[in-house]
file work.cif (mmCIF, C-alpha atoms and all ligand atoms)
data_protein
loop_
_atom_site.label_atom_id
_atom_site.label_comp_id
_atom_site.auth_asym_id
_atom_site.auth_seq_id
_atom_site.Cartn_x
_atom_site.Cartn_y
_atom_site.Cartn_z
CA MET A 1 -17.37 -2.79 16.42
CA LYS A 2 -20.97 -2.63 17.51
CA PRO A 3 -22.60 -5.95 18.36
CA VAL A 4 -25.14 -6.91 15.74
CA LYS A 5 -28.39 -8.39 16.92
CA GLN A 6 -28.31 -11.91 15.61
CA ASN A 7 -31.09 -13.98 17.05
CA GLN A 8 -30.48 -16.69 14.54
CA GLN A 9 -29.51 -16.45 10.90
CA PRO A 10 -29.15 -13.29 8.86
CA GLY A 11 -32.26 -12.29 6.97
CA MET A 12 -35.37 -10.20 7.18
CA ASN A 13 -39.12 -10.52 7.45
CA CYS A 14 -41.13 -10.64 4.26
CA PRO A 15 -42.86 -7.27 3.75
CA GLU A 16 -46.04 -9.07 2.70
CA CYS A 17 -46.49 -12.01 5.06
CA GLN A 18 -43.81 -11.39 7.71
CA THR A 19 -42.28 -14.80 7.17
CA PHE A 20 -38.63 -14.72 8.11
CA ILE A 21 -36.51 -15.11 5.01
CA ILE A 22 -33.05 -16.49 5.61
CA MET A 23 -30.45 -14.55 3.66
CA PRO A 24 -26.98 -16.02 3.67
CA VAL A 25 -24.53 -13.14 3.45
CA GLU A 26 -22.63 -14.71 0.57
CA HIS A 27 -25.87 -15.03 -1.36
CA ILE A 28 -26.74 -11.39 -0.73
CA LEU A 29 -23.39 -10.15 -1.94
CA ALA A 30 -23.43 -12.46 -4.96
CA ALA A 31 -26.94 -12.50 -6.34
CA GLY A 32 -29.15 -10.60 -3.99
CA VAL A 33 -32.45 -12.17 -5.00
CA PHE A 34 -34.53 -14.06 -2.50
CA SER A 35 -37.90 -15.70 -2.69
CA CYS A 36 -40.21 -15.72 0.28
CA ALA A 37 -40.12 -19.01 2.16
CA ASN A 38 -43.88 -18.98 2.49
CA PRO A 39 -45.33 -21.16 -0.31
CA ALA A 40 -48.51 -19.09 -0.24
CA CYS A 41 -46.54 -15.92 -0.89
CA SER A 42 -44.76 -15.16 -4.14
CA VAL A 43 -42.78 -12.15 -3.02
CA GLU A 44 -39.29 -11.82 -4.40
CA LEU A 45 -36.84 -9.60 -2.66
CA ARG A 46 -34.10 -8.14 -4.78
CA LEU A 47 -31.21 -6.63 -2.91
CA ASP A 48 -28.59 -4.66 -4.73
CA SER A 49 -25.33 -4.98 -2.87
CA LYS A 50 -24.37 -1.52 -4.14
CA ARG A 51 -27.47 -0.03 -2.60
CA SER A 52 -27.00 0.88 0.99
CA THR A 53 -29.81 -0.01 3.31
CA LYS A 54 -29.81 -0.38 7.04
CA SER A 55 -30.42 -4.09 6.90
CA LEU A 56 -27.79 -4.60 4.23
CA ASP A 57 -25.28 -2.58 6.20
CA ALA A 58 -25.90 -4.79 9.19
CA LEU A 59 -25.42 -7.89 7.07
CA GLU A 60 -22.21 -6.54 5.59
CA THR A 61 -20.96 -5.85 9.08
CA TYR A 62 -21.85 -9.41 9.91
CA ALA A 63 -19.99 -10.67 6.85
CA GLN A 64 -16.93 -8.69 7.77
CA ALA A 65 -17.04 -10.08 11.26
CA MET A 66 -17.12 -13.58 9.82
CA ASN A 67 -14.17 -12.75 7.60
CA ASP A 68 -12.27 -11.42 10.56
CA LEU A 69 -12.87 -14.64 12.39
CA GLY A 70 -11.92 -16.67 9.34
CA LYS A 71 -14.88 -18.89 9.95
CA PRO A 72 -17.38 -18.69 7.13
CA ILE A 73 -20.76 -20.17 7.91
ZN ZN B 1 -43.97 -13.53 2.00
#
call {"tool": "encode", "arguments": {"input": "work.cif", "output": "structure tokens"}}
result
Amino acid sequence: MKPVKQNQQPGMNCPECQTFIIMPVEHILAAGVFSCANPACSVELRLDSKRSTKSLDALETYAQAMNDLGKPI
């Protein structure tokens, strides 16, 4: 398994304001809708767990690693 770059928590930068949006893996797989953490920015990110993106793949890999460890966040 390739090491995943995890500086802190899983998530991505807002495409509008570059604020880092924390995306708990369980939330991604369940709902997949995130609001930007920046109060001045109203961006909503909608992630479809069935849609394969690079970032989502990385997060799924991360989730699987957590499952393997048996230590959910
Ligand atoms: Zn934003």
call {"tool": "atom_distance", "arguments": {"input": "work.cif", "atom1": "atom CA of A:Cys14", "atom2": "atom CA of A:Leu59"}}
result
16.2 Å
call {"tool": "closest_atom_pairs", "arguments": {"input": "work.cif", "of": "chain A", "to": "ligand ZN 1 (chain B)", "cutoff": "8 Å", "atoms": "all atoms listed in the file", "output": "JSON lines"}}
result
{"residue": "A:Asn13", "atom": "CA", "partner": "B:ZN1", "partner_atom": "ZN", "distance": 7.9}
{"residue": "A:Cys14", "atom": "CA", "partner": "B:ZN1", "partner_atom": "ZN", "distance": 4.6}
{"residue": "A:Pro15", "atom": "CA", "partner": "B:ZN1", "partner_atom": "ZN", "distance": 6.6}
{"residue": "A:Glu16", "atom": "CA", "partner": "B:ZN1", "partner_atom": "ZN", "distance": 5.0}
{"residue": "A:Cys17", "atom": "CA", "partner": "B:ZN1", "partner_atom": "ZN", "distance": 4.2}
{"residue": "A:Gln18", "atom": "CA", "partner": "B:ZN1", "partner_atom": "ZN", "distance": 6.1}
{"residue": "A:Thr19", "atom": "CA", "partner": "B:ZN1", "partner_atom": "ZN", "distance": 5.6}
{"residue": "A:Ser35", "atom": "CA", "partner": "B:ZN1", "partner_atom": "ZN", "distance": 8.0}
{"residue": "A:Cys36", "atom": "CA", "partner": "B:ZN1", "partner_atom": "ZN", "distance": 4.7}
{"residue": "A:Ala37", "atom": "CA", "partner": "B:ZN1", "partner_atom": "ZN", "distance": 6.7}
{"residue": "A:Asn38", "atom": "CA", "partner": "B:ZN1", "partner_atom": "ZN", "distance": 5.5}
{"residue": "A:Ala40", "atom": "CA", "partner": "B:ZN1", "partner_atom": "ZN", "distance": 7.5}
{"residue": "A:Cys41", "atom": "CA", "partner": "B:ZN1", "partner_atom": "ZN", "distance": 4.5}
{"residue": "A:Ser42", "atom": "CA", "partner": "B:ZN1", "partner_atom": "ZN", "distance": 6.4}
{"residue": "A:Val43", "atom": "CA", "partner": "B:ZN1", "partner_atom": "ZN", "distance": 5.3}
call {"tool": "atom_distance", "arguments": {"input": "work.cif", "atom1": "atom CA of A:Arg46", "atom2": "atom CA of A:Ile28"}}
result
9.0 Å
call {"tool": "residues_around", "arguments": {"input": "work.cif", "residues": "A:Phe34", "least_positions_apart": "2", "cutoff": "8 Å", "atoms": "all atoms listed in the file", "output": "PyMOL selection string"}}
result
chain A and resi 21+23+32+36+44-46
call {"tool": "atom_distance", "arguments": {"input": "work.cif", "atom1": "atom CA of A:Pro39", "atom2": "atom CA of A:Glu26"}}
result
23.6 Å
